[in-house]
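Trainee: PDB, C-alpha atoms, saved as work.pdb, coming up:
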```
MODEL        1
ATOM      1  CA  MET A1170      -7.637 -57.242 -59.173
ATOM      2  CA  GLU A1171      -9.998 -55.169 -57.072
ATOM      3  CA  ASP A1172     -10.813 -56.095 -53.516
ATOM      4  CA  PRO A1173     -13.520 -58.796 -53.169
ATOM      5  CA  PHE A1174     -16.124 -56.453 -51.693
ATOM      6  CA  SER A1175     -15.866 -54.013 -54.615
ATOM      7  CA  TYR A1176     -16.127 -56.917 -57.039
ATOM      8  CA  LEU A1177     -19.337 -58.151 -55.342
ATOM      9  CA  LEU A1178     -20.825 -54.640 -55.463
ATOM     10  CA  GLU A1179     -20.075 -54.490 -59.188
ATOM     11  CA  VAL A1180     -21.722 -57.900 -59.771
ATOM     12  CA  GLU A1181     -24.787 -56.788 -57.789
ATOM     13  CA  HIS A1182     -25.039 -53.569 -59.800
ATOM     14  CA  LYS A1183     -24.836 -55.486 -63.104
ATOM     15  CA  GLY A1184     -27.423 -57.998 -61.903
ATOM     16  CA  ARG A1185     -29.896 -55.285 -60.896
ATOM     17  CA  SER A1186     -29.452 -53.392 -64.148
ATOM     18  CA  LEU A1187     -30.182 -56.536 -66.194
ATOM     19  CA  GLY A1188     -32.971 -57.834 -63.938
ATOM     20  CA  GLY A1189     -35.684 -55.729 -65.590
ATOM     21  CA  GLN A1190     -35.006 -57.489 -68.881
ATOM     22  CA  LEU A1191     -35.823 -60.967 -67.638
ATOM     23  CA  PRO A1192     -38.785 -62.444 -69.557
ATOM     24  CA  ILE A1193     -40.064 -64.341 -66.525
ATOM     25  CA  GLN A1194     -41.343 -61.104 -64.958
ATOM     26  CA  ASP A1195     -43.755 -60.524 -67.853
ATOM     27  CA  GLU A1196     -44.848 -64.165 -67.800
ATOM     28  CA  LEU A1197     -45.638 -64.113 -64.070
ATOM     29  CA  ARG A1198     -48.035 -61.220 -64.560
ATOM     30  CA  GLY A1199     -50.070 -63.477 -66.859
ATOM     31  CA  ALA A1200     -50.324 -66.415 -64.455
ATOM     32  CA  TRP A1201     -53.655 -67.845 -63.244
ATOM     33  CA  LYS A1202     -54.004 -70.313 -60.350
ATOM     34  CA  GLY A1203     -56.893 -72.602 -59.574
ATOM     35  CA  VAL A1204     -57.940 -75.537 -57.426
ATOM     36  CA  LEU A1205     -58.656 -78.690 -59.428
ATOM     37  CA  PHE A1206     -61.517 -80.652 -57.876
ATOM     38  CA  LYS A1207     -63.859 -83.510 -58.750
ATOM     39  CA  LEU A1208     -67.621 -83.414 -58.637
ATOM     40  CA  HIS A1209     -70.084 -85.761 -60.309
ATOM     41  CA  GLY A1210     -67.176 -87.609 -61.907
ATOM     42  CA  GLN A1211     -65.936 -84.471 -63.680
ATOM     43  CA  GLN A1212     -62.866 -82.354 -63.049
ATOM     44  CA  LEU A1213     -63.381 -78.620 -62.651
ATOM     45  CA  LEU A1214     -61.257 -75.637 -61.677
ATOM     46  CA  ALA A1215     -62.127 -73.091 -58.992
ATOM     47  CA  PRO A1216     -60.240 -69.775 -59.081
ATOM     48  CA  MET A1217     -57.750 -69.645 -56.237
ATOM     49  CA  GLU A1218     -58.944 -66.175 -55.199
ATOM     50  CA  GLN A1219     -62.437 -67.614 -54.639
ATOM     51  CA  VAL A1220     -61.292 -70.422 -52.334
ATOM     52  CA  ALA A1221     -60.331 -69.156 -48.895
ATOM     53  CA  GLU A1222     -59.399 -72.599 -47.579
ATOM     54  CA  ILE A1223     -59.545 -76.311 -48.385
ATOM     55  CA  LEU A1224     -60.565 -78.549 -45.476
ATOM     56  CA  THR A1225     -61.224 -82.141 -44.626
ATOM     57  CA  PRO A1226     -64.877 -81.987 -43.509
ATOM     58  CA  PRO A1227     -64.964 -81.498 -39.734
ATOM     59  CA  PRO A1228     -67.628 -82.861 -37.402
ATOM     60  CA  PHE A1229     -70.809 -80.821 -37.802
ATOM     61  CA  SER A1230     -74.251 -80.392 -36.295
ATOM     62  CA  ARG A1231     -77.291 -80.945 -38.473
ATOM     63  CA  ILE A1232     -79.910 -78.226 -38.603
ATOM     64  CA  PRO A1233     -83.577 -79.222 -38.715
ATOM     65  CA  GLY A1234     -85.866 -77.759 -41.373
ATOM     66  CA  VAL A1235     -83.252 -77.146 -44.062
ATOM     67  CA  LYS A1236     -82.798 -78.604 -47.527
ATOM     68  CA  HIS A1237     -80.969 -81.935 -47.728
ATOM     69  CA  TRP A1238     -77.862 -80.378 -49.281
ATOM     70  CA  ALA A1239     -77.425 -77.945 -46.362
ATOM     71  CA  LEU A1240     -75.460 -80.443 -44.293
ATOM     72  CA  GLY A1241     -75.135 -78.421 -41.106
ATOM     73  CA  ILE A1242     -72.853 -76.118 -39.150
ATOM     74  CA  ALA A1243     -69.279 -76.780 -38.046
ATOM     75  CA  ASN A1244     -67.133 -74.865 -35.579
ATOM     76  CA  MET A1245     -63.994 -73.763 -37.410
ATOM     77  CA  ARG A1246     -61.601 -72.069 -35.018
ATOM     78  CA  GLY A1247     -64.452 -70.287 -33.261
ATOM     79  CA  ASN A1248     -66.363 -69.372 -36.437
ATOM     80  CA  LEU A1249     -69.563 -71.086 -37.525
ATOM     81  CA  LEU A1250     -69.094 -72.642 -40.954
ATOM     82  CA  PRO A1251     -72.235 -73.651 -42.855
ATOM     83  CA  MET A1252     -71.510 -76.808 -44.874
ATOM     84  CA  MET A1253     -73.256 -77.341 -48.206
ATOM     85  CA  ASP A1254     -73.147 -80.474 -50.338
ATOM     86  CA  LEU A1255     -72.488 -79.045 -53.803
ATOM     87  CA  HIS A1256     -73.422 -82.338 -55.466
ATOM     88  CA  GLY A1257     -76.721 -82.395 -53.594
ATOM     89  CA  TYR A1258     -77.491 -78.814 -54.570
ATOM     90  CA  LEU A1259     -76.719 -79.308 -58.265
ATOM     91  CA  PHE A1260     -77.846 -82.901 -58.842
ATOM     92  CA  GLY A1261     -80.444 -83.588 -56.140
ATOM     93  CA  ASP A1262     -78.650 -86.393 -54.283
ATOM     94  CA  ASN A1263     -75.946 -85.828 -51.702
ATOM     95  CA  LEU A1264     -72.437 -87.171 -52.120
ATOM     96  CA  SER A1265     -71.840 -90.795 -51.309
ATOM     97  CA  GLY A1266     -68.845 -93.046 -51.678
ATOM     98  CA  GLU A1267     -65.429 -92.497 -50.139
ATOM     99  CA  ALA A1268     -66.209 -89.830 -47.535
ATOM    100  CA  ARG A1269     -62.545 -89.759 -46.482
ATOM    101  CA  ARG A1270     -61.700 -88.174 -49.850
ATOM    102  CA  HIS A1271     -64.391 -85.484 -49.654
ATOM    103  CA  ARG A1272     -63.176 -81.924 -49.136
ATOM    104  CA  LEU A1273     -64.673 -78.549 -48.361
ATOM    105  CA  LEU A1274     -63.896 -75.592 -50.579
ATOM    106  CA  VAL A1275     -64.423 -72.701 -48.179
ATOM    107  CA  MET A1276     -65.557 -69.432 -49.697
ATOM    108  CA  ASN A1277     -65.918 -66.055 -48.057
ATOM    109  CA  TYR A1278     -67.678 -63.653 -50.385
ATOM    110  CA  GLN A1279     -70.026 -60.709 -49.770
ATOM    111  CA  GLY A1280     -70.677 -61.819 -46.208
ATOM    112  CA  VAL A1281     -71.305 -65.445 -47.171
ATOM    113  CA  TYR A1282     -68.914 -67.782 -45.366
ATOM    114  CA  ALA A1283     -69.621 -71.393 -46.372
ATOM    115  CA  GLY A1284     -67.939 -74.694 -47.146
ATOM    116  CA  LEU A1285     -68.852 -76.462 -50.376
ATOM    117  CA  MET A1286     -68.445 -80.239 -50.150
ATOM    118  CA  VAL A1287     -66.860 -81.789 -53.247
ATOM    119  CA  GLU A1288     -65.825 -85.378 -54.069
ATOM    120  CA  ALA A1289     -62.099 -84.670 -53.926
ATOM    121  CA  VAL A1290     -59.487 -81.999 -54.432
ATOM    122  CA  VAL A1291     -56.970 -83.189 -56.997
ATOM    123  CA  GLY A1292     -54.450 -80.355 -56.649
ATOM    124  CA  MET A1293     -53.530 -76.917 -57.920
ATOM    125  CA  LYS A1294     -53.232 -75.918 -61.562
ATOM    126  CA  HIS A1295     -51.329 -73.022 -63.059
ATOM    127  CA  TYR A1296     -52.140 -71.574 -66.455
ATOM    128  CA  TRP A1297     -51.107 -68.568 -68.483
ATOM    129  CA  LYS A1298     -53.933 -66.118 -69.021
ATOM    130  CA  GLN A1299     -53.616 -66.588 -72.785
ATOM    131  CA  GLU A1300     -54.668 -70.248 -72.257
ATOM    132  CA  ARG A1301     -58.098 -69.035 -71.090
ATOM    133  CA  THR A1302     -60.982 -69.637 -73.479
ATOM    134  CA  ASP A1303     -64.726 -69.038 -73.607
ATOM    135  CA  ASP A1304     -65.091 -72.382 -75.406
ATOM    136  CA  LEU A1305     -66.423 -74.674 -72.675
ATOM    137  CA  PRO A1306     -65.661 -78.391 -72.531
ATOM    138  CA  ALA A1307     -68.473 -80.926 -72.354
ATOM    139  CA  VAL A1308     -69.854 -80.699 -68.804
ATOM    140  CA  ASP A1309     -73.193 -81.452 -67.171
ATOM    141  CA  GLU A1310     -75.829 -78.753 -67.712
ATOM    142  CA  GLN A1311     -76.175 -78.237 -63.947
ATOM    143  CA  PHE A1312     -72.663 -76.713 -63.877
ATOM    144  CA  ARG A1313     -73.226 -74.220 -66.713
ATOM    145  CA  PRO A1314     -74.807 -71.313 -64.728
ATOM    146  CA  PHE A1315     -71.763 -71.310 -62.472
ATOM    147  CA  LEU A1316     -69.027 -71.532 -65.112
ATOM    148  CA  SER A1317     -66.820 -68.614 -66.041
ATOM    149  CA  GLY A1318     -64.825 -69.810 -69.013
ATOM    150  CA  ALA A1319     -62.246 -72.579 -69.287
ATOM    151  CA  PHE A1320     -58.555 -73.237 -69.751
ATOM    152  CA  ARG A1321     -57.057 -75.269 -72.541
ATOM    153  CA  ARG A1322     -53.526 -76.639 -72.717
ATOM    154  CA  GLY A1323     -52.899 -79.333 -75.287
ATOM    155  CA  ALA A1324     -55.495 -82.069 -74.824
ATOM    156  CA  GLU A1325     -56.427 -80.727 -71.368
ATOM    157  CA  HIS A1326     -59.612 -78.636 -71.423
ATOM    158  CA  LEU A1327     -61.085 -77.749 -68.013
ATOM    159  CA  ALA A1328     -64.071 -75.568 -67.110
ATOM    160  CA  VAL A1329     -63.776 -72.900 -64.400
ATOM    161  CA  PHE A1330     -66.467 -73.232 -61.721
ATOM    162  CA  SER A1331     -67.088 -70.015 -59.764
ATOM    163  CA  PRO A1332     -68.149 -70.571 -56.135
ATOM    164  CA  TRP A1333     -68.958 -66.862 -55.943
ATOM    165  CA  LYS A1334     -71.656 -67.244 -58.594
ATOM    166  CA  LEU A1335     -73.559 -69.427 -56.102
ATOM    167  CA  VAL A1336     -73.971 -66.409 -53.820
ATOM    168  CA  ASN A1337     -75.990 -64.682 -56.541
ATOM    169  CA  GLU A1338     -78.278 -67.693 -56.892
ATOM    170  CA  PRO A1339     -81.475 -67.112 -54.818
ATOM    171  CA  GLU A1340     -82.119 -70.878 -54.460
ATOM    172  CA  PHE A1341     -78.658 -71.440 -52.964
ATOM    173  CA  MET A1342     -79.164 -68.612 -50.486
ATOM    174  CA  ASN A1343     -82.553 -69.994 -49.350
ATOM    175  CA  ILE A1344     -81.781 -73.214 -47.495
ATOM    176  CA  SER A1345     -85.073 -73.586 -45.606
ATOM    177  CA  ALA A1346     -86.989 -76.696 -46.620
TER     178      ALA A1346
ENDMDL
END
```
Using the file provided, produce a representation of the structure as structure tokens.

Mentor:
Amino acid sequence: MEDPFSYLLEVEHKGRSLGGQLPIQDELRGAWKGVLFKLHGQQLLAPMEQVAEILTPPPFSRIPGVKHWALGIANMRGNLLPMMDLHGYLFGDNLSGEARRHRLLVMNYQGVYAGLMVEAVVGMKHYWKQERTDDLPAVDEQFRPFLSGAFRRGAEHLAVFSPWKLVNEPEFMNISA
């Protein structure tokens, strides 16, 4: 028998030579991650790359002369974070109910740094890219301009809501009342 160190070097060499053949490496390249959240009683996905942070809504200062869904400004670690009620923007009435469950999906895109208030964040979801579909599930019409496909796995069929699409919406960018 060889000495133990030589044996370990041989095992390492064999492991590295076979490592490129592992199927998991190909599967990981096809992974998609999203944040599952609730709004208007429906579950939606937001792409993980479009959500910079998920926060419990901090104390904020209201700003006079803005639309009702522009909740105000919060100080987040020295940065001013505009807080927008996504329900209020899409459906006309601001969120109500269990405020302790509300969360902010913070986006930072093309110079727009803002927190979108949603009913709740349910968790993270992982899908394979081949589970993506253009066939949208039944969702409220107000969501449709901001959807970018869906994911389907078995009976689960969830629409992908793009926070970045809001930045291209002139009405969202104009918060003055």

Trainee: Name the residues captured by the PyMOL selection byres ((chain A and resi 1231) around 6) when it is applied to the shown file; answer as JSON, numbers by chain.

Mentor: {"A": [1230, 1232, 1241]}

Trainee: I need the output of the PyMOL selection byres ((chain A and resi 1216) around 9) for this file as a ChimeraX atom specification; which residues are they?

Mentor: /A:1201-1204,1214-1215,1217-1220,1329-1332

Trainee: Report the closest atom pair, with its distance in Å rounded to one decimal, for each residue of range 1244-1326 of chain A that has an atom no farther than 9 Å from range 1335-1340 of chain A; count only C-alpha atoms, sort by chain and then rising residue number, and write it as a tab-separated table.

Mentor:
```
residue	atom	partner	partner_atom	distance
A:Tyr1278	CA	A:Val1336	CA	7.7
A:Gln1279	CA	A:Val1336	CA	8.0
A:Val1281	CA	A:Val1336	CA	7.2
A:Pro1314	CA	A:Leu1335	CA	8.9
A:Phe1315	CA	A:Leu1335	CA	6.9
```

Trainee: Those same residues, written as a short mmCIF file (atom, residue, chain, number, x, y, z; two decimals), keeping the file's coordinate frame with C-alpha atoms?

Mentor:
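What ended up in part_28.cif:
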```cif
data_model
loop_
_atom_site.label_atom_id
_atom_site.label_comp_id
_atom_site.auth_asym_id
_atom_site.auth_seq_id
_atom_site.Cartn_x
_atom_site.Cartn_y
_atom_site.Cartn_z
CA TYR A 1278 -67.68 -63.65 -50.38
CA GLN A 1279 -70.03 -60.71 -49.77
CA VAL A 1281 -71.31 -65.44 -47.17
CA PRO A 1314 -74.81 -71.31 -64.73
CA PHE A 1315 -71.76 -71.31 -62.47
#
```

Trainee: A:Asp1172, A:His1237, A:Gly1210, A:His1182: which is nearest Ile1344 in chain A, counting only C-alpha atoms?

Mentor: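 Of all the options, A:His1237 lies closest to Ile1344 in chain A.
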
Trainee: By how many Å are CA of Lys1298 in chain A and CA of Leu1327 in chain A apart?

Mentor: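 Distance between the two atoms: 13.7 Å.
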
Trainee: Enclose range 1285-1303 of chain A, meaning all of its atoms listed in the file, in a box aligned along x, y and z, pad it by 6 Å on each side, and list the centre and edge lengths in Å to one decimal, as lines of an AutoDock Vina configuration file.

Mentor:
```
center_x = -60.0
center_y = -75.7
center_z = -61.9
size_x = 29.7
size_y = 31.3
size_z = 35.5
```

Trainee: Under the PyMOL selection byres ((chain A and resi 1346) around 6), which residues of this model are included? Write them out as a list in words.

Mentor: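 Listing what the PyMOL selection byres ((chain A and resi 1346) around 6) selects in the shown file: Gly1234, Val1235, Lys1236 and Ser1345 of chain A.
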
Trainee: Emit the selected residues as an mmCIF file, in the frame of the given file, including C-alpha atoms.

Mentor:
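Writing the result to selection24.cif gives the following:
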```cif
data_model
loop_
_atom_site.group_PDB
_atom_site.id
_atom_site.type_symbol
_atom_site.label_atom_id
_atom_site.label_comp_id
_atom_site.auth_asym_id
_atom_site.auth_seq_id
_atom_site.Cartn_x
_atom_site.Cartn_y
_atom_site.Cartn_z
ATOM 1 C CA GLY A 1234 -85.866 -77.759 -41.373
ATOM 2 C CA VAL A 1235 -83.252 -77.146 -44.062
ATOM 3 C CA LYS A 1236 -82.798 -78.604 -47.527
ATOM 4 C CA SER A 1345 -85.073 -73.586 -45.606
#
```

Trainee: What's the separation between CA of Gly1292 in chain A and CA of Gly1199 in chain A, in Å to one decimal place?

Mentor: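 Computing it gives 20.2 Å between the two atoms.
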
Trainee: Please, which residues are within 12 Å of (-64.1, -84.8, -34.5) by the file's coordinates, counting all atoms listed in the file, and could they come as a list in words?

Mentor: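 In the file's frame, the residues around the point are Thr1225, Pro1226, Pro1227, Pro1228, Phe1229, Ser1230, Ala1243, Asn1244 and Met1245 of chain A.
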
Trainee: Next, write the just-selected residues to a file, as a CSV table (one decimal), keeping the file's coordinate frame, keeping C-alpha atoms as the atom set.

Mentor:
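The new file part-v2.csv reads:
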```csv
chain,number,residue,atom,x,y,z
A,1225,THR,CA,-61.2,-82.1,-44.6
A,1226,PRO,CA,-64.9,-82.0,-43.5
A,1227,PRO,CA,-65.0,-81.5,-39.7
A,1228,PRO,CA,-67.6,-82.9,-37.4
A,1229,PHE,CA,-70.8,-80.8,-37.8
A,1230,SER,CA,-74.3,-80.4,-36.3
A,1243,ALA,CA,-69.3,-76.8,-38.0
A,1244,ASN,CA,-67.1,-74.9,-35.6
A,1245,MET,CA,-64.0,-73.8,-37.4
```

Trainee: CA of Leu1187 in chain A and CA of His1295 in chain A, how far apart in Å?

Mentor: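 CA of Leu1187 in chain A lies at a distance of 27.0 Å from CA of His1295 in chain A.
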
Trainee: Between A:Glu1222, A:Glu1179, A:Asp1303, A:Asp1262, which has the minimum distance to Asn1277 in chain A (counting only C-alpha atoms)?

Mentor: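 Ranking A:Glu1222, A:Glu1179, A:Asp1303, A:Asp1262 by distance to Asn1277 in chain A, first place goes to A:Glu1222.
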
Trainee: Using all atoms listed in the file, which of A:Ala1200, A:Gly1280, A:Trp1238, A:Val1180 sits nearest Met1252 in chain A?

Mentor: A:Trp1238

Trainee: Show me, as a ChimeraX atom specification, the residues that have an atom within 12 Å of Glu1310 in chain A when counting only C-alpha atoms, minus same-chain residues fewer than 4 positions from it.

Mentor: /A:1209,1259-1260,1305-1306,1314-1316

Trainee: For C-alpha atoms, I'd like the residues from the last selection saved as an mmCIF file, in the frame of the given file.

Mentor:
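Written output follows (result-v5.cif):
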```
data_model
loop_
_atom_site.group_PDB
_atom_site.id
_atom_site.type_symbol
_atom_site.label_atom_id
_atom_site.label_comp_id
_atom_site.auth_asym_id
_atom_site.auth_seq_id
_atom_site.Cartn_x
_atom_site.Cartn_y
_atom_site.Cartn_z
ATOM 1 C CA HIS A 1209 -70.084 -85.761 -60.309
ATOM 2 C CA LEU A 1259 -76.719 -79.308 -58.265
ATOM 3 C CA PHE A 1260 -77.846 -82.901 -58.842
ATOM 4 C CA LEU A 1305 -66.423 -74.674 -72.675
ATOM 5 C CA PRO A 1306 -65.661 -78.391 -72.531
ATOM 6 C CA PRO A 1314 -74.807 -71.313 -64.728
ATOM 7 C CA PHE A 1315 -71.763 -71.310 -62.472
ATOM 8 C CA LEU A 1316 -69.027 -71.532 -65.112
#
```
